[in-house]
file my_file30.txt (compact mmCIF, C-alpha atoms)
# COMPACT_ATOMS: atom_id res chain seq x y z
CA MET Z 1190 84.87 90.01 100.34
CA THR Z 1191 85.87 88.92 103.81
CA ASP Z 1192 89.36 89.44 105.21
CA SER Z 1193 90.06 85.71 105.03
CA GLU Z 1194 89.10 85.61 101.37
CA LEU Z 1195 91.41 88.52 100.64
CA VAL Z 1196 94.23 86.77 102.50
CA ARG Z 1197 93.60 83.60 100.49
CA ASP Z 1198 93.69 85.56 97.20
CA CYS Z 1199 96.82 87.31 98.31
CA LEU Z 1200 98.54 84.02 99.11
CA GLY Z 1201 97.53 82.95 95.62
CA GLY Z 1202 99.57 85.84 94.25
CA LYS Z 1203 96.90 88.51 93.87
CA MET Z 1204 98.66 91.61 95.14
CA GLU Z 1205 95.59 93.81 94.71
CA SER Z 1206 93.93 91.82 97.50
CA TYR Z 1207 96.61 92.91 99.90
CA ARG Z 1208 96.12 96.48 98.80
CA GLU Z 1209 92.44 96.08 99.70
CA LEU Z 1210 93.42 94.76 103.14
CA MET Z 1211 95.82 97.65 103.64
CA ASP Z 1212 93.15 100.18 102.67
CA ARG Z 1213 90.68 98.47 104.97
CA TYR Z 1214 92.96 98.67 108.02
CA ARG Z 1215 95.13 101.70 107.27
CA ASP Z 1216 93.21 104.11 109.51
CA HIS Z 1217 92.75 101.54 112.29
CA ALA Z 1218 96.44 100.68 112.15
CA MET Z 1219 97.51 104.31 112.37
CA ALA Z 1220 95.16 104.92 115.28
CA ILE Z 1221 96.47 101.99 117.32
CA ALA Z 1222 100.12 102.85 116.53
CA VAL Z 1223 99.64 106.53 117.38
CA ASN Z 1224 98.07 105.59 120.70
CA ILE Z 1225 100.87 103.19 121.61
CA LEU Z 1226 103.80 105.31 120.41
CA ALA Z 1227 102.24 108.71 121.17
CA ASN Z 1228 103.96 110.13 118.10
CA ARG Z 1229 102.57 110.42 114.59
CA GLU Z 1230 105.77 110.02 112.57
CA ASP Z 1231 106.87 106.98 114.58
CA ALA Z 1232 103.39 105.52 114.09
CA GLU Z 1233 103.65 105.95 110.31
CA ASP Z 1234 107.01 104.17 110.26
CA ALA Z 1235 105.66 101.40 112.48
CA CYS Z 1236 102.60 100.90 110.25
CA GLN Z 1237 104.70 100.79 107.11
CA GLU Z 1238 106.91 98.12 108.65
CA ALA Z 1239 103.99 96.21 110.17
CA PHE Z 1240 102.17 95.96 106.83
CA LEU Z 1241 105.32 94.48 105.31
CA LYS Z 1242 105.78 92.13 108.23
CA ALA Z 1243 102.15 91.00 108.02
CA TYR Z 1244 102.52 90.35 104.30
CA ARG Z 1245 105.62 88.29 104.86
CA ASN Z 1246 103.85 86.26 107.53
CA LEU Z 1247 100.45 85.86 105.83
CA GLY Z 1248 101.12 82.14 105.47
CA ARG Z 1249 100.99 81.81 109.24
CA PHE Z 1250 97.60 83.45 109.54
CA ASP Z 1251 94.86 81.07 110.70
CA ALA Z 1252 91.84 81.76 108.46
CA ASN Z 1253 89.50 80.64 111.25
CA ARG Z 1254 90.56 83.58 113.37
CA SER Z 1255 90.08 87.32 112.99
CA TYR Z 1256 92.54 88.95 110.59
CA LYS Z 1257 91.95 92.25 112.33
CA ASN Z 1258 93.02 90.89 115.73
CA TRP Z 1259 95.95 89.04 114.18
CA PHE Z 1260 97.16 92.21 112.49
CA TYR Z 1261 96.55 94.32 115.61
CA ALA Z 1262 98.63 91.86 117.64
CA LEU Z 1263 101.47 92.02 115.10
CA LEU Z 1264 101.34 95.82 114.96
CA SER Z 1265 101.14 96.35 118.72
CA ASN Z 1266 104.05 93.93 119.27
CA HIS Z 1267 106.06 95.84 116.69
CA CYS Z 1268 105.29 99.15 118.43
CA LEU Z 1269 106.16 97.74 121.86
CA ASP Z 1270 109.44 96.40 120.44
CA LEU Z 1271 110.29 99.86 119.12
CA ILE Z 1272 109.67 101.34 122.57
CA ARG Z 1273 111.82 98.66 124.26
CA LYS Z 1274 114.69 99.25 121.85
CA ARG Z 1275 114.50 102.98 122.32
CA LYS Z 1276 114.55 102.52 126.10
CA ARG Z 1277 117.68 100.37 125.87
CA PHE Z 1278 119.40 103.03 123.79
CA LYS Z 1279 118.40 105.73 126.24
CA GLY Z 1280 119.73 103.54 129.05
CA PHE Z 1281 123.05 103.49 127.22
CA LEU Z 1282 122.90 107.27 127.04
CA GLY Z 1283 122.29 107.43 130.80
CA SER Z 1284 125.63 105.74 131.39
CA PHE Z 1285 127.41 108.94 130.43
CA LYS Z 1286 128.89 110.93 133.26
CA TYR Z 1287 127.21 114.13 132.25
CA GLU Z 1288 123.50 113.50 132.18
CA HIS Z 1289 122.58 116.82 130.69
CA PRO Z 1290 123.58 117.93 127.21
CA VAL Z 1291 126.00 120.80 126.88
CA ALA Z 1292 124.08 122.05 123.88
CA VAL Z 1293 120.77 121.42 122.23
CA VAL Z 1294 120.13 122.03 118.56
CA ALA Z 1295 116.52 123.04 118.16
CA PRO Z 1296 114.69 121.30 115.35
CA ARG Z 1297 113.51 123.30 112.40
CA THR Z 1298 109.81 122.85 112.14
CA SER Z 1299 108.34 121.34 109.03
CA SER Z 1300 106.37 123.76 106.90
CA ALA Z 1301 103.74 121.20 105.97
CA SER Z 1302 102.60 120.54 109.51
CA PHE Z 1303 99.61 118.36 110.32
CA GLU Z 1304 97.04 119.13 112.97
CA GLU Z 1305 98.68 118.75 116.36
CA LEU Z 1306 97.48 115.68 118.22
CA ASP Z 1307 96.98 115.86 121.95
CA PHE Z 1308 99.06 113.21 123.73
CA ARG Z 1309 98.98 114.73 127.22
CA TYR Z 1310 96.82 111.93 128.66
CA LEU Z 1311 98.55 109.13 126.79
CA ARG Z 1312 102.21 109.87 127.46
CA PRO Z 1313 102.03 109.38 131.25
CA LEU Z 1314 100.65 105.86 130.71
CA PRO Z 1315 102.86 102.82 130.03
CA PRO Z 1316 102.47 101.52 126.43
CA LYS Z 1317 100.44 98.42 127.33
CA GLN Z 1318 98.01 100.53 129.34
CA ARG Z 1319 97.65 102.92 126.40
CA THR Z 1320 96.93 99.97 124.12
CA ALA Z 1321 94.31 98.54 126.48
CA LEU Z 1322 92.68 101.93 126.96
CA PHE Z 1323 92.53 102.57 123.22
CA LEU Z 1324 91.14 99.15 122.31
CA TRP Z 1325 88.52 99.37 125.06
CA SER Z 1326 87.36 102.91 124.42
CA GLN Z 1327 87.74 103.28 120.65
CA GLU Z 1328 87.28 99.73 119.40
CA GLY Z 1329 84.94 98.41 122.11
CA TYR Z 1330 87.22 95.47 122.89
CA SER Z 1331 86.62 93.22 125.91
CA ALA Z 1332 89.42 92.13 128.26
CA ALA Z 1333 89.63 88.82 126.37
CA GLU Z 1334 90.02 90.59 123.01
CA ILE Z 1335 92.61 92.99 124.44
CA ALA Z 1336 94.44 89.93 125.79
CA ALA Z 1337 94.50 88.41 122.28
CA VAL Z 1338 96.17 91.53 120.94
CA LEU Z 1339 98.62 91.98 123.81
CA GLY Z 1340 99.44 88.28 124.03
CA CYS Z 1341 98.58 87.99 127.72
CA THR Z 1342 95.80 86.49 129.83
CA PRO Z 1343 92.42 88.25 130.06
CA ASN Z 1344 93.12 88.93 133.75
CA THR Z 1345 96.37 90.70 132.92
CA ALA Z 1346 94.64 92.67 130.15
CA GLY Z 1347 91.98 93.65 132.70
CA VAL Z 1348 94.70 94.87 135.06
CA HIS Z 1349 96.30 96.98 132.30
CA LEU Z 1350 92.93 98.52 131.50
CA HIS Z 1351 92.04 99.10 135.14
CA ARG Z 1352 95.35 100.81 135.87
CA ALA Z 1353 95.00 102.95 132.76
CA ARG Z 1354 91.54 104.10 133.84
CA VAL Z 1355 92.73 104.86 137.37
CA LYS Z 1356 95.70 106.84 136.06
CA LEU Z 1357 93.55 108.71 133.57
CA ARG Z 1358 91.03 109.64 136.24
CA THR Z 1359 93.89 110.92 138.44
CA LEU Z 1360 95.22 113.02 135.57
CA LEU Z 1361 91.77 114.45 134.88
CA LYS Z 1362 91.29 115.28 138.58
CA GLU Z 1363 94.69 116.97 138.75
CA GLU Z 1364 93.86 119.00 135.68
CA LYS Z 1365 90.50 120.00 137.11
CA ASN Z 1366 92.08 121.03 140.43
CA ALA Z 1367 94.75 123.04 138.64
CA GLY Z 1368 91.98 125.14 137.07
CA PRO Z 1369 91.83 126.71 133.62
CA MET J 659 83.59 97.92 156.73
CA PRO J 660 81.82 99.05 153.54
CA ASP J 661 79.70 96.51 151.72
CA HIS J 662 80.62 95.28 148.26
CA LYS J 663 78.31 97.69 146.36
CA SER J 664 79.57 100.80 148.11
CA ARG J 665 83.12 99.65 147.58
CA VAL J 666 82.43 99.13 143.88
CA ASP J 667 80.78 102.57 143.63
CA GLU J 668 83.68 104.13 145.44
CA TYR J 669 86.05 102.33 143.11
CA GLY J 670 84.04 103.54 140.13
CA ASP J 671 84.74 107.13 141.13
CA ASP J 672 88.43 106.45 140.70
CA LEU J 673 88.04 105.00 137.23
CA ALA J 674 87.84 107.06 134.06
CA THR J 675 84.61 106.46 132.16
CA MET J 676 84.52 105.19 128.60
CA ASP J 677 83.62 108.68 127.42
CA GLU J 678 86.65 110.17 129.21
CA ALA J 679 88.86 107.44 127.77
CA ARG J 680 87.54 108.18 124.28
CA ARG J 681 88.47 111.83 124.65
CA ALA J 682 91.90 110.99 126.05
CA THR J 683 92.84 108.59 123.27
CA ILE J 684 93.28 109.38 119.58
CA SER J 685 90.50 108.08 117.37
CA LYS J 686 91.07 107.38 113.70
CA GLU J 687 88.76 110.30 112.87
CA ARG J 688 91.07 112.69 114.71
CA LEU J 689 94.04 111.55 112.64
CA GLY J 690 92.74 113.27 109.52
CA ASP J 691 94.37 112.11 106.30
CA VAL J 692 96.40 108.99 106.86
CA LYS J 693 99.45 108.28 104.73
CA ASP J 694 99.02 105.74 101.94
CA PHE J 695 101.38 102.90 102.83
CA TRP J 696 100.96 101.14 99.50
CA PRO J 697 103.74 102.92 97.54
CA GLY J 698 106.33 102.15 100.23
CA PHE J 699 105.08 98.60 100.51
CA ALA J 700 105.04 98.03 96.74
CA ALA J 701 108.55 99.44 96.43
CA ALA J 702 109.86 97.12 99.16
CA VAL J 703 108.11 94.06 97.75
CA GLY J 704 109.13 94.94 94.21
CA LYS J 705 112.79 94.94 95.15
CA LYS J 706 112.78 91.25 96.01
CA GLY J 707 109.73 90.03 94.18
CA THR J 708 108.46 87.31 96.51
CA THR J 709 106.84 87.33 99.93
CA LYS J 710 109.64 85.29 101.46
CA HIS J 711 112.19 87.82 100.43
CA VAL J 712 110.35 90.97 101.41
CA ARG J 713 112.79 93.05 103.28
CA ILE J 714 111.51 95.07 106.18
CA GLY J 715 112.79 98.63 105.84
CA THR J 716 115.72 99.68 107.95
CA ARG J 717 114.37 100.09 111.42
CA PRO J 718 114.34 103.57 112.93
CA THR J 719 116.46 102.47 115.89
CA LEU J 720 119.04 101.08 113.52
CA GLN J 721 118.93 104.30 111.54
CA TRP J 722 119.47 106.31 114.72
CA ALA J 723 122.29 104.01 115.79
CA LEU J 724 123.97 104.27 112.40
CA GLY J 725 123.41 108.01 112.23
CA THR J 726 124.74 108.55 115.73
CA ALA J 727 127.71 106.25 115.13
CA GLY J 728 128.48 108.18 111.96
CA LEU J 729 128.35 111.48 113.80
CA VAL J 730 130.57 110.16 116.59
CA VAL J 731 133.15 109.05 114.02
CA ILE J 732 133.04 112.44 112.30
CA ILE J 733 133.42 114.23 115.61
CA GLY J 734 136.22 111.91 116.69
CA VAL J 735 138.09 112.52 113.46
CA SER J 736 137.52 116.26 113.64
CA VAL J 737 138.95 116.34 117.20
CA LEU J 738 141.81 113.85 116.88
CA VAL J 739 143.21 114.61 113.42
CA PRO J 740 144.04 118.26 114.15
CA LYS J 741 145.71 117.13 117.43
CA LEU J 742 147.91 114.60 115.57
CA PHE J 743 149.00 117.16 113.03
CA ARG J 744 149.73 119.73 115.72
CA ARG J 745 152.19 117.34 117.45
CA GLY J 746 154.78 117.68 114.73
CA ALA J 747 154.01 121.20 113.71
CA PRO J 748 155.13 124.39 115.43
CA PRO J 749 152.68 125.63 118.06
CA ALA J 750 149.88 127.47 116.42
CA ALA J 751 148.29 130.64 117.62
CA PRO J 752 145.73 129.94 120.37
CA GLU J 753 142.80 131.12 118.33
CA LYS J 754 143.63 128.62 115.58
CA THR J 755 143.82 125.53 117.84
CA ALA J 756 140.17 125.57 118.79
CA VAL J 757 138.08 122.97 117.04
CA ILE J 758 134.74 124.36 116.13
CA PHE J 759 131.93 121.89 115.96
CA ARG J 760 128.72 123.19 114.54
CA ILE J 761 125.34 121.66 113.82
CA ASP J 762 122.76 123.83 112.14
CA SER J 763 120.01 121.29 111.91
CA VAL J 764 119.55 117.56 111.79
CA LYS J 765 116.99 115.52 109.92
CA ILE J 766 115.85 111.92 110.25
CA ASP J 767 113.86 110.55 107.32
CA ASP J 768 113.65 114.08 105.95
CA GLU J 769 111.88 115.28 109.09
CA PRO J 770 113.39 117.85 111.46
CA ALA J 771 115.07 116.10 114.38
CA GLN J 772 116.36 117.20 117.77
CA ALA J 773 120.09 116.95 118.50
CA PHE J 774 121.64 116.85 121.97
CA ILE J 775 125.38 117.35 122.34
CA PHE J 776 127.01 115.65 125.31
CA GLN J 777 130.58 116.05 126.49
CA THR J 778 132.36 113.44 128.58
CA GLN J 779 134.08 114.35 131.83
CA ASP J 780 137.55 114.61 130.37
CA GLN J 781 136.15 116.89 127.66
CA GLY J 782 138.16 114.94 125.09
CA SER J 783 135.12 113.47 123.43
CA THR J 784 131.78 114.66 122.29
CA PHE J 785 128.71 112.55 121.88
CA VAL J 786 125.77 113.62 119.76
CA TRP J 787 122.36 112.09 120.31
CA VAL J 788 119.79 112.72 117.62
CA GLU J 789 116.15 111.83 117.99
CA LYS J 790 112.93 112.41 116.17
CA GLN J 791 110.98 115.42 117.22
CA LEU J 792 108.13 114.52 119.59
call {"tool": "encode", "arguments": {"input": "my_file30.txt", "output": "structure tokens"}}
result
Amino acid sequence: MTDSELVRDCLGGKMESYRELMDRYRDHAMAIAVNILANREDAEDACQEAFLKAYRNLGRFDANRSYKNWFYALLSNHCLDLIRKRKRFKGFLGSFKYEHPVAVVAPRTSSASFEELDFRYLRPLPPKQRTALFLWSQEGYSAAEIAAVLGCTPNTAGVHLHRARVKLRTLLKEEKNAGP
Amino acid sequence: MPDHKSRVDEYGDDLATMDEARRATISKERLGDVKDFWPGFAAAVGKKGTTKHVRIGTRPTLQWALGTAGLVVIIGVSVLVPKLFRRGAPPAAPEKTAVIFRIDSVKIDDEPAQAFIFQTQDQGSTFVWVEKQL
């Protein structure tokens, strides 16, 4: 069954069809969210919320377009919103006279830990550049397709991707020069 | 003045290749087992029954804000209440006037979180910022 057929069934009240859609895009969704948020737990929360949001807005989905791109756009917007809100809150924190904490309570590590993901090349990049880099390298998206997800023009998407590639090359060069 | 091709080649040296980008980003294969979102989704949908009434779960930022606000209130109460009581009471021994604030560990969504304790300049207030562990 195609995505559009599943959406149609789902709108007709067949919940199992939405489960099929969720299973189909669960891994893709997690990958895009992890790359944007550079944090696995945040990505899981974002995916959970994005699947609910997508379900609530299924009626707005245009069956002539790609469900995958529509869902990616919704998910990436949700992730970018989370980052913006977090930045605003941190800005509020910065208004305190003492910038540095007087004490730090170290977190207790979880016993059931997953394999550590390597975010060292992603974190220095702005979120939109991370998104463009991920979609281009892992999903084979063109600038026009990246633009559809990011909600910008293909030129702007191209600029995000170009800057991401320049920054990544710089990081790789720095790492190489620093030695083992 | 370099011609267009040499400029493009030169530019290419400054751009990460697709292979480098693949290694720098996280592929879905590298994620391993991905959480099943269906139970959480079904629970949220089941609460309201219809698509129009699906309630998006409390957002993490809101949770942090509420959690932080709650902590600030607790801290405020723990600092101010002893001061109010001391006004009318005879002066206590110095070692008993100190307010001890202690955090052993903090969790957000049942995951270990990092807590930062800030003190304002007048040292009359304490602000606790809690965030998910990166």
call {"tool": "atom_distance", "arguments": {"input": "my_file30.txt", "atom1": "atom CA of Z:Leu1360", "atom2": "atom CA of Z:Tyr1310"}}
result
7.2 Å
call {"tool": "atom_distance", "arguments": {"input": "my_file30.txt", "atom1": "atom CA of Z:Phe1308", "atom2": "atom CA of J:Asp672"}}
result
21.1 Å
call {"tool": "atom_distance", "arguments": {"input": "my_file30.txt", "atom1": "atom CA of Z:Val1223", "atom2": "atom CA of Z:Asn1344"}}
result
24.9 Å
call {"tool": "residues_around", "arguments": {"input": "my_file30.txt", "residues": "J:Val786", "least_positions_apart": "3", "cutoff": "8 Å", "atoms": "all atoms listed in the file", "output": "list in words"}}
result
Thr726, Leu729, Val730, Ala773, Phe774, Ile775 and Phe776 of chain J
call {"tool": "residues_near_point", "arguments": {"input": "my_file30.txt", "point": "(95.8, 115.4, 123.6)", "cutoff": "9 Å", "atoms": "all atoms listed in the file", "output": "list in words"}}
result
Glu1305, Leu1306, Asp1307, Phe1308, Arg1309, Tyr1310 and Leu1311 of chain Z; Arg681, Ala682, Thr683 and Ile684 of chain J
